[in-house]
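*Asks:* One file: structure26.cif (mmCIF, C-alpha atoms).
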data_start
loop_
_atom_site.label_atom_id
_atom_site.label_comp_id
_atom_site.auth_asym_id
_atom_site.auth_seq_id
_atom_site.Cartn_x
_atom_site.Cartn_y
_atom_site.Cartn_z
CA MET A 1 46.19 133.50 25.39
CA ILE A 2 47.11 130.18 23.86
CA GLY A 3 46.12 131.40 20.41
CA SER A 4 48.06 134.66 20.63
CA ASP A 5 51.16 132.79 21.82
CA LEU A 6 50.86 130.42 18.92
CA ALA A 7 50.50 133.27 16.46
CA SER A 8 53.47 135.19 17.85
CA THR A 9 55.84 132.25 18.16
CA SER A 10 55.08 130.69 14.80
CA GLY A 11 55.27 134.00 12.95
CA ILE A 12 52.16 133.18 10.89
CA HIS A 13 50.38 136.25 9.59
CA ILE A 14 46.84 135.68 8.51
CA THR A 15 44.77 138.62 7.36
CA ALA A 16 41.17 138.91 8.43
CA LEU A 17 38.45 138.18 5.90
CA PRO A 18 36.89 141.31 4.40
CA ILE A 19 33.41 140.47 5.63
CA ALA A 20 31.77 143.49 4.00
CA GLN A 21 32.88 142.23 0.58
CA VAL A 22 32.30 138.55 1.24
CA ILE A 23 28.73 138.87 2.48
CA PRO A 24 27.10 140.06 -0.81
CA VAL A 25 28.92 137.36 -2.80
CA PHE A 26 27.93 134.72 -0.28
CA PHE A 27 24.30 135.89 -0.33
CA PHE A 28 24.23 135.85 -4.12
CA LEU A 29 25.73 132.35 -4.26
CA VAL A 30 23.20 130.92 -1.83
CA PHE A 31 20.33 132.69 -3.59
CA PHE A 32 21.50 131.42 -6.99
CA ILE A 33 21.73 127.82 -5.78
CA TRP A 34 18.35 128.13 -4.05
CA ALA A 35 16.69 129.65 -7.15
CA VAL A 36 17.98 126.94 -9.50
CA TYR A 37 17.00 124.24 -7.04
CA THR A 38 13.51 125.72 -6.57
CA ILE A 39 12.88 125.92 -10.32
CA VAL A 40 14.03 122.33 -10.92
CA SER A 41 12.15 121.01 -7.91
CA SER A 42 8.95 122.85 -8.87
CA TYR A 43 9.17 121.44 -12.38
CA HIS A 44 9.36 117.90 -11.00
CA TRP A 45 6.45 118.45 -8.62
CA LEU A 46 4.26 119.94 -11.35
CA ARG A 47 5.27 117.39 -13.97
CA TYR A 48 5.36 114.16 -12.00
CA SER A 49 3.36 114.46 -8.78
CA GLY A 50 0.17 113.72 -10.69
CA SER A 51 -1.90 116.14 -8.63
CA MET A 52 -1.84 119.94 -8.60
CA ASN A 53 -3.58 119.80 -5.20
CA VAL A 54 -0.36 118.40 -3.75
CA ALA A 55 2.23 120.08 -5.96
CA ILE A 56 1.13 123.70 -5.48
CA PRO A 57 0.96 123.57 -1.63
CA MET A 58 4.35 121.83 -1.49
CA ILE A 59 6.00 124.41 -3.74
CA MET A 60 4.35 127.26 -1.80
CA THR A 61 5.52 125.74 1.49
CA HIS A 62 9.07 125.54 0.18
CA ILE A 63 9.06 129.15 -1.00
CA ILE A 64 7.39 130.54 2.15
CA VAL A 65 9.71 128.71 4.57
CA SER A 66 12.74 129.72 2.49
CA CYS A 67 11.60 133.35 2.48
CA LEU A 68 11.11 133.32 6.26
CA LEU A 69 14.61 131.91 6.73
CA ALA A 70 16.00 134.49 4.29
CA ILE A 71 14.33 137.29 6.29
CA TYR A 72 15.88 135.82 9.43
CA ALA A 73 19.31 135.80 7.74
CA VAL A 74 18.99 139.33 6.36
CA SER A 75 17.88 140.64 9.75
CA GLY A 76 21.38 139.80 10.99
CA LEU A 77 22.87 142.42 8.68
CA GLN A 78 21.34 145.32 10.59
CA MET W 1 -0.50 110.38 -15.28
CA GLY W 2 1.41 111.33 -18.40
CA GLU W 3 4.18 108.80 -17.88
CA PHE W 4 2.18 105.73 -18.77
CA GLU W 5 -1.04 105.06 -20.57
CA LEU W 6 -3.71 102.84 -19.09
CA GLU W 7 -4.96 100.21 -21.48
CA SER W 8 -8.66 99.99 -22.26
CA GLY W 9 -10.45 98.47 -19.28
CA GLU W 10 -7.41 98.90 -17.04
CA LYS W 11 -8.04 100.70 -13.76
CA ILE W 12 -5.76 101.96 -11.01
CA ILE W 13 -6.45 100.02 -7.82
CA LYS W 14 -3.94 101.56 -5.46
CA ALA W 15 -0.89 103.82 -5.41
CA VAL W 16 1.62 103.23 -2.61
CA ARG W 17 4.71 104.98 -1.35
CA LYS W 18 7.24 104.22 1.33
CA HIS W 19 6.00 104.44 4.90
CA TRP W 20 5.97 107.94 6.44
CA PHE W 21 8.30 106.73 9.19
CA VAL W 22 11.01 106.04 6.61
CA LEU W 23 10.67 109.65 5.44
CA ALA W 24 10.82 110.92 9.03
CA VAL W 25 14.00 108.94 9.72
CA SER W 26 15.64 110.23 6.54
CA LEU W 27 14.93 113.81 7.66
CA ILE W 28 16.68 113.40 11.03
CA PRO W 29 20.21 114.12 9.67
CA PHE W 30 19.02 117.45 8.29
CA ALA W 31 17.51 118.41 11.65
CA PHE W 32 20.81 117.51 13.32
CA LEU W 33 22.87 119.46 10.77
CA ALA W 34 20.57 122.46 11.19
CA TRP W 35 21.28 122.41 14.91
CA LEU W 36 25.03 121.73 14.58
CA PRO W 37 26.23 125.37 14.20
CA LEU W 38 24.73 126.18 17.61
CA LEU W 39 27.05 123.52 19.03
CA PHE W 40 30.14 125.10 17.45
CA MET W 41 29.22 128.63 18.46
CA PRO W 42 31.21 128.62 21.76
CA PHE W 43 34.26 127.20 19.94
CA VAL W 44 34.14 129.87 17.23
CA HIS W 45 33.74 132.56 19.87
CA PHE W 46 36.71 131.18 21.79
CA VAL W 47 39.00 131.11 18.74
CA SER W 48 37.97 134.54 17.50
CA THR W 49 38.56 136.15 20.88
CA THR W 50 41.87 134.42 21.64
CA LEU W 51 43.43 135.31 18.27
CA PRO W 52 42.84 139.07 18.18
CA ASN W 53 45.58 139.91 15.62
CA ALA W 54 45.50 136.83 13.48
CA THR W 55 41.94 135.79 13.01
CA VAL W 56 40.50 134.02 10.02
CA LEU W 57 37.13 133.57 11.64
CA PRO W 58 34.55 136.31 12.09
CA ASP W 59 34.64 137.66 15.60
CA PHE W 60 31.18 136.87 16.81
CA GLY W 61 32.11 138.34 20.15
CA THR W 62 32.50 141.87 18.82
CA LEU W 63 30.31 141.74 15.74
CA GLY W 64 27.48 140.48 17.87
CA ALA W 65 24.70 138.07 17.16
CA GLY W 66 23.83 139.75 13.85
CA LEU W 67 26.53 138.08 11.81
CA PHE W 68 25.83 134.74 13.37
CA ARG W 69 22.13 135.16 12.56
CA MET W 70 22.98 135.88 8.94
CA VAL W 71 25.30 132.90 8.50
CA TYR W 72 23.02 130.61 10.44
CA GLY W 73 19.98 131.76 8.46
CA LEU W 74 21.72 130.93 5.17
CA TRP W 75 22.78 127.58 6.59
CA LEU W 76 19.16 126.87 7.54
CA ILE W 77 18.04 127.71 3.99
CA LEU W 78 20.50 125.15 2.61
CA MET W 79 19.35 122.54 5.15
CA TRP W 80 15.70 123.25 4.41
CA SER W 81 16.31 122.86 0.65
CA ALA W 82 18.13 119.57 1.22
CA ALA W 83 15.29 118.29 3.41
CA PHE W 84 12.72 119.40 0.83
CA ASN W 85 14.68 117.49 -1.78
CA THR W 86 14.30 114.34 0.33
CA VAL W 87 10.55 114.92 0.60
CA THR W 88 10.35 115.45 -3.16
CA ARG W 89 12.12 112.19 -3.88
CA TYR W 90 9.94 110.39 -1.33
CA TYR W 91 6.77 111.61 -2.98
CA LEU W 92 7.87 111.01 -6.57
CA ASN W 93 8.81 107.38 -5.90
CA GLU W 94 5.70 105.25 -6.02
CA TRP W 95 4.20 101.96 -7.03
CA ILE W 96 0.86 101.78 -8.76
CA ILE W 97 -1.25 98.63 -8.74
CA THR W 98 -3.69 98.39 -11.62
CA THR W 99 -6.07 95.64 -12.63
CA THR W 100 -3.46 94.18 -14.99
CA ARG W 101 0.02 95.23 -13.79
CA ILE W 102 2.29 96.76 -11.20
CA ILE W 103 3.96 100.00 -12.27
CA GLU W 104 7.13 101.07 -10.50
CA ILE W 105 8.10 104.74 -10.74
CA HIS W 106 11.61 105.35 -9.46
CA GLN W 107 12.95 108.87 -9.13
CA PHE W 108 16.73 108.44 -8.77
CA GLY W 109 17.35 112.16 -8.73
CA PHE W 110 16.39 115.24 -10.69
CA PHE W 111 16.07 114.44 -14.39
CA SER W 112 16.60 110.75 -13.69
CA ARG W 113 13.37 108.81 -13.61
CA GLU W 114 12.51 105.23 -14.46
CA VAL W 115 9.07 103.76 -15.05
CA SER W 116 8.74 99.99 -15.34
CA SER W 117 5.78 97.62 -15.43
CA LEU W 118 5.19 94.03 -14.46
CA LEU W 119 2.13 92.21 -15.73
CA LEU W 120 0.14 90.51 -12.99
CA VAL W 121 -0.24 87.34 -15.11
CA ARG W 122 3.55 86.90 -15.06
CA ILE W 123 3.70 86.89 -11.28
CA GLN W 124 4.50 83.51 -9.79
CA ASP W 125 4.93 84.36 -6.13
CA VAL W 126 4.51 87.29 -3.77
CA ASN W 127 6.44 87.41 -0.48
CA THR W 128 6.34 89.93 2.34
CA ASP W 129 9.03 90.63 4.89
CA VAL W 130 8.41 92.74 7.98
CA GLU W 131 11.55 93.17 10.06
CA GLY W 132 12.67 95.14 13.09
CA LEU W 133 10.96 96.81 15.99
CA PHE W 134 9.66 99.83 14.12
CA GLY W 135 8.66 97.79 11.09
CA THR W 136 6.62 95.47 13.27
CA ILE W 137 5.03 98.19 15.39
CA LEU W 138 4.28 100.57 12.54
CA GLY W 139 3.51 97.84 10.00
CA TYR W 140 5.88 98.54 7.15
CA GLY W 141 8.17 96.19 5.29
CA GLN W 142 9.24 94.70 2.02
CA LEU W 143 7.16 93.15 -0.72
CA GLU W 144 8.94 90.83 -3.13
CA VAL W 145 7.27 89.83 -6.35
CA GLN W 146 8.75 86.94 -8.27
CA SER W 147 7.92 86.84 -11.93
CA ALA W 148 8.36 84.25 -14.64
CA GLY W 149 10.27 86.65 -16.87
CA THR W 150 13.90 87.59 -17.06
CA GLU W 151 13.48 90.00 -14.17
CA GLU W 152 13.03 87.46 -11.43
CA HIS W 153 12.65 89.81 -8.50
CA PHE W 154 10.55 92.95 -8.23
CA ILE W 155 11.14 94.41 -4.78
CA ILE W 156 9.10 97.15 -3.15
CA ASP W 157 10.90 98.38 -0.04
CA ASP W 158 9.55 99.94 3.16
CA ILE W 159 5.92 100.18 2.14
CA ALA W 160 3.05 100.42 4.59
CA ASP W 161 0.99 97.28 5.08
CA PRO W 162 2.88 94.90 2.76
CA GLN W 163 0.59 92.00 3.71
CA GLY W 164 -2.47 93.97 2.65
CA LEU W 165 -0.81 94.83 -0.64
CA ARG W 166 0.16 91.19 -1.19
CA ASP W 167 -3.45 90.14 -0.62
CA LEU W 168 -4.62 92.84 -3.00
CA ILE W 169 -2.22 91.67 -5.72
CA MET W 170 -3.23 88.04 -5.22
CA ARG W 171 -6.91 88.99 -5.43
CA GLU W 172 -6.31 90.86 -8.68
CA ILE W 173 -4.38 87.90 -10.12
CA ALA W 174 -7.23 85.57 -9.13
CA ALA W 175 -9.76 87.95 -10.68
CA LEU W 176 -7.74 88.06 -13.92
CA HIS W 177 -7.76 84.28 -14.17
CA ALA W 178 -11.43 84.02 -13.17
CA ASP W 179 -12.58 86.58 -15.72
CA GLY W 180 -10.29 85.37 -18.46
CA LEU W 181 -7.30 87.39 -19.58
CA PRO W 182 -8.11 90.81 -21.01
CA ALA W 183 -7.15 91.27 -24.63
CA GLN W 184 -4.06 93.43 -24.02
CA VAL W 185 -2.75 91.04 -21.37
CA ALA W 186 -3.32 88.04 -23.62
CA VAL W 187 -1.39 89.75 -26.43
CA ALA W 188 1.44 90.69 -24.08
CA THR W 189 1.64 87.16 -22.69
CA SER W 190 1.65 85.54 -26.10
CA GLN W 191 4.45 87.89 -27.23
CA THR W 192 6.58 87.10 -24.21
CA GLY W 193 5.84 83.41 -24.40
CA VAL W 194 4.52 83.17 -20.84
#
Would you mind writing the file's structure down as structure tokens?

*Replies:*
Amino acid sequence: MIGSDLASTSGIHITALPIAQVIPVFFFLVFFIWAVYTIVSSYHWLRYSGSMNVAIPMIMTHIIVSCLLAIYAVSGLQ
Amino acid sequence: MGEFELESGEKIIKAVRKHWFVLAVSLIPFAFLAWLPLLFMPFVHFVSTTLPNATVLPDFGTLGAGLFRMVYGLWLILMWSAAFNTVTRYYLNEWIITTTRIIEIHQFGFFSREVSSLLLVRIQDVNTDVEGLFGTILGYGQLEVQSAGTEEHFIIDDIADPQGLRDLIMREIAALHADGLPAQVAVATSQTGV
């Protein structure tokens, strides 16, 4: 009620976001950032951690948790 | 370790990192930020339902929980990546005590890494400082090494058992002097004039 009054009295016209077009771009952006980060982070773990026994499980944990969260996010599209 | 070469006869005694509690505390903001969208959910729902003809926010009321799940899932991925970055930096920062020197490996960020060494024979004094409730209970604190060189202070922050590490360093210094200086240390000391 308050919001509609505000919109009608102020004469502001704001169009709704085209969600169907925004979602793929948003997904791609997040995936791109995540992929670059994962590659850089993995390089540092493998190069500097000094132990593959630590680096590999850490990288795998990062990828698995990220994939689970991505599945959770994608499930919202249905 | 590809970042530094051990001299002949030099052995790694101990590698230390910051206390796990320091890592846990630094992860708290990410846990809070991950939870934050749930707090704003009622506000977003209120705005989207009260501005039916002029909405800039997705209407979670009519689009259902699916859209929220998608946005929140992506937000969680970003938060997880940020938290993982903190863990990475925690693990890649370390101090290595060898029989002849202390090596500090400092990871400032990605592609920004500094490795510095301090010879044990140049150490003049080692101080420990345990402060605060958690530091006292959990046994972490600061170790300050004072050297005779141009770099007067060599500070190791928030490490577990700083007193134990101080004793270890003092024992190694005593052993160096008892056994006589190894060749590489003697050369390094003569070059630096210490």

*Asks:* Determine the nearest neighbour of Ala73 (chain A) from the options A:Ala35, A:Met52, A:Ile23, A:Leu46, counting all atoms listed in the file.

*Replies:*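 Going through A:Ala35, A:Met52, A:Ile23, A:Leu46 one by one, the smallest distance to Ala73 (chain A) is for A:Ile23.
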
*Asks:* Between W:Asp179, W:Glu10, W:Glu114, W:Asp161, which is the closest to Glu94 (chain W) once you count all atoms listed in the file?

*Replies:*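 The shortest atom-to-atom distance to Glu94 (chain W) comes from W:Glu114.
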
*Asks:* Take the PyMOL selection byres ((chain A and resi 44) around 10), apply it to the structure above, and return the hits as a list of chain:residue names.

*Replies:*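 Expected selection for the PyMOL selection byres ((chain A and resi 44) around 10) here is A:Thr38, A:Ile39, A:Val40, A:Ser41, A:Ser42, A:Tyr43, A:Trp45, A:Leu46, A:Arg47, A:Tyr48, A:Ser49, A:Ala55, W:Thr88, W:Arg89, W:Leu92, W:Gln107, W:Phe110, W:Phe111.
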
*Asks:* Taking all atoms listed in the file into account, which of A:Ile56, A:Tyr37, A:Phe32, A:Ile64 comes nearest chain W?

*Replies:*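 Between A:Ile56, A:Tyr37, A:Phe32, A:Ile64, the residue approaching chain W most closely is A:Tyr37.
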
*Asks:* Using only C-alpha atoms, can you tell me which of W:Ala83, W:Ile173, W:Leu6, W:Ile155 comes closest to Phe32 (chain W)?

*Replies:* W:Ala83

*Asks:* Separation of CA of Ser26 (chain W) and CA of Arg113 (chain W), in Å?

*Replies:*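 About the pair CA of Ser26 (chain W) and CA of Arg113 (chain W): they are 20.3 Å apart.
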
*Asks:* For CA of Phe40 (chain W) and CA of Tyr72 (chain A), quote the distance in Å rounded to one decimal.

*Replies:*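 Here the two named atoms are 19.6 Å from each other.
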
*Asks:* Counting only C-alpha atoms, which of A:Gly76, A:Ala70, A:Val54, A:Met60 gets nearest to Arg69 (chain W)?

*Replies:*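 Among the listed residues, the smallest separation from Arg69 (chain W) belongs to A:Gly76.
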
*Asks:* With all atoms listed in the file counted, which protein, DNA or RNA residues have an atom no more than 6 Å from (10.0, 103.3, 4.3) in the file frame? Please answer as a CSV table (one decimal) with C-alpha atoms, keeping the file's coordinate frame.

*Replies:*
chain,number,residue,atom,x,y,z
W,18,LYS,CA,7.2,104.2,1.3
W,19,HIS,CA,6.0,104.4,4.9
W,22,VAL,CA,11.0,106.0,6.6
W,158,ASP,CA,9.6,99.9,3.2
W,159,ILE,CA,5.9,100.2,2.1

*Asks:* From the list A:Ser51, A:Ile33, A:Gln21, A:Met58, which residue is nearest Val87 (chain W) when using all atoms listed in the file?

*Replies:*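 Nearest candidate to Val87 (chain W) out of A:Ser51, A:Ile33, A:Gln21, A:Met58: A:Met58.
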
*Asks:* Interatomic distance between CA of Ile77 (chain W) and CA of Phe21 (chain W)?

*Replies:*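 Computing the Euclidean distance for CA of Ile77 (chain W) and CA of Phe21 (chain W) yields 23.7 Å.
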
*Asks:* If you apply the PyMOL selection byres ((chain W and resi 126) around 10) to this file, what residues do you get, as an NGL selection string?

*Replies:* :W and (123-125 or 127-128 or 143-147 or 153-155 or 163 or 165-167 or 169-170)

*Asks:* Is it possible to produce a file of region 74-181 of chain W from this structure, with C-alpha atoms, as a CSV table (one decimal), in the first residue's frame?

*Replies:*
chain,number,residue,atom,x,y,z
W,74,LEU,CA,25.1,-18.6,-6.1
W,75,TRP,CA,25.7,-16.4,-3.1
W,76,LEU,CA,26.7,-19.4,-1.1
W,77,ILE,CA,29.2,-20.4,-3.9
W,78,LEU,CA,30.8,-16.9,-3.7
W,79,MET,CA,30.9,-17.1,0.2
W,80,TRP,CA,32.4,-20.6,0.1
W,81,SER,CA,35.1,-19.5,-2.4
W,82,ALA,CA,36.0,-16.5,-0.2
W,83,ALA,CA,36.2,-18.7,2.9
W,84,PHE,CA,38.3,-21.2,1.0
W,85,ASN,CA,40.6,-18.4,0.0
W,86,THR,CA,41.1,-17.6,3.7
W,87,VAL,CA,42.0,-21.2,4.4
W,88,THR,CA,44.4,-21.2,1.5
W,89,ARG,CA,46.2,-18.1,2.8
W,90,TYR,CA,46.2,-19.6,6.3
W,91,TYR,CA,47.9,-22.8,5.1
W,92,LEU,CA,50.4,-21.2,2.8
W,93,ASN,CA,51.7,-18.8,5.5
W,94,GLU,CA,54.2,-20.7,7.6
W,95,TRP,CA,57.4,-20.5,9.6
W,96,ILE,CA,60.0,-23.2,9.3
W,97,ILE,CA,62.6,-23.8,12.0
W,98,THR,CA,65.7,-25.5,10.8
W,99,THR,CA,69.0,-26.4,12.6
W,100,THR,CA,70.6,-23.1,11.3
W,101,ARG,CA,67.8,-20.6,10.6
W,102,ILE,CA,64.2,-19.5,10.7
W,103,ILE,CA,62.4,-19.3,7.4
W,104,GLU,CA,59.3,-17.1,7.1
W,105,ILE,CA,57.0,-17.8,4.2
W,106,HIS,CA,54.4,-15.1,3.8
W,107,GLN,CA,51.6,-15.4,1.3
W,108,PHE,CA,50.2,-11.9,0.9
W,109,GLY,CA,47.8,-12.9,-1.8
W,110,PHE,CA,47.7,-14.9,-5.0
W,111,PHE,CA,51.0,-14.4,-6.9
W,112,SER,CA,52.4,-12.4,-4.1
W,113,ARG,CA,54.7,-14.5,-1.9
W,114,GLU,CA,57.8,-13.6,0.2
W,115,VAL,CA,60.3,-16.0,1.6
W,116,SER,CA,62.9,-14.7,4.1
W,117,SER,CA,65.4,-16.3,6.4
W,118,LEU,CA,67.1,-15.4,9.6
W,119,LEU,CA,70.2,-17.2,10.8
W,120,LEU,CA,70.0,-18.6,14.3
W,121,VAL,CA,73.5,-17.3,15.1
W,122,ARG,CA,72.3,-13.7,14.5
W,123,ILE,CA,69.5,-14.0,17.1
W,124,GLN,CA,70.2,-12.0,20.2
W,125,ASP,CA,66.9,-12.4,22.1
W,126,VAL,CA,63.6,-14.3,21.8
W,127,ASN,CA,60.4,-13.0,23.5
W,128,THR,CA,57.0,-14.4,23.7
W,129,ASP,CA,53.7,-12.6,24.3
W,130,VAL,CA,50.5,-14.4,25.2
W,131,GLU,CA,47.6,-12.0,25.5
W,132,GLY,CA,43.8,-12.2,26.0
W,133,LEU,CA,41.4,-14.8,27.3
W,134,PHE,CA,41.5,-17.0,24.2
W,135,GLY,CA,45.2,-16.7,23.8
W,136,THR,CA,45.8,-17.8,27.4
W,137,ILE,CA,43.2,-20.6,27.4
W,138,LEU,CA,44.2,-22.0,23.9
W,139,GLY,CA,47.9,-21.2,24.3
W,140,TYR,CA,48.6,-19.1,21.2
W,141,GLY,CA,50.5,-15.8,21.0
W,142,GLN,CA,53.3,-13.9,19.5
W,143,LEU,CA,57.0,-14.8,19.2
W,144,GLU,CA,59.4,-11.9,18.7
W,145,VAL,CA,62.9,-12.6,17.6
W,146,GLN,CA,65.5,-9.8,17.9
W,147,SER,CA,68.5,-10.1,15.6
W,148,ALA,CA,71.8,-8.3,15.4
W,149,GLY,CA,71.3,-7.4,11.8
W,150,THR,CA,69.5,-4.5,10.1
W,151,GLU,CA,66.1,-6.3,10.6
W,152,GLU,CA,65.8,-5.9,14.3
W,153,HIS,CA,62.5,-7.5,14.8
W,154,PHE,CA,61.2,-10.8,13.4
W,155,ILE,CA,57.7,-11.3,14.6
W,156,ILE,CA,55.7,-14.5,14.3
W,157,ASP,CA,52.0,-13.7,15.2
W,158,ASP,CA,49.3,-16.0,16.6
W,159,ILE,CA,51.2,-19.2,16.7
W,160,ALA,CA,50.4,-22.1,18.9
W,161,ASP,CA,52.7,-22.7,21.9
W,162,PRO,CA,55.0,-19.7,21.5
W,163,GLN,CA,56.9,-20.6,24.6
W,164,GLY,CA,57.6,-24.1,23.3
W,165,LEU,CA,58.9,-22.6,20.1
W,166,ARG,CA,61.1,-20.1,21.9
W,167,ASP,CA,62.6,-23.0,23.9
W,168,LEU,CA,63.2,-24.9,20.7
W,169,ILE,CA,64.9,-22.0,19.1
W,170,MET,CA,67.1,-21.4,22.2
W,171,ARG,CA,68.0,-25.1,22.3
W,172,GLU,CA,69.0,-25.0,18.6
W,173,ILE,CA,71.1,-21.8,19.2
W,174,ALA,CA,72.8,-23.5,22.1
W,175,ALA,CA,73.5,-26.6,20.1
W,176,LEU,CA,75.0,-24.5,17.3
W,177,HIS,CA,77.4,-22.8,19.7
W,178,ALA,CA,78.2,-26.1,21.4
W,179,ASP,CA,78.9,-28.0,18.2
W,180,GLY,CA,80.8,-25.1,16.6
W,181,LEU,CA,79.3,-23.2,13.7
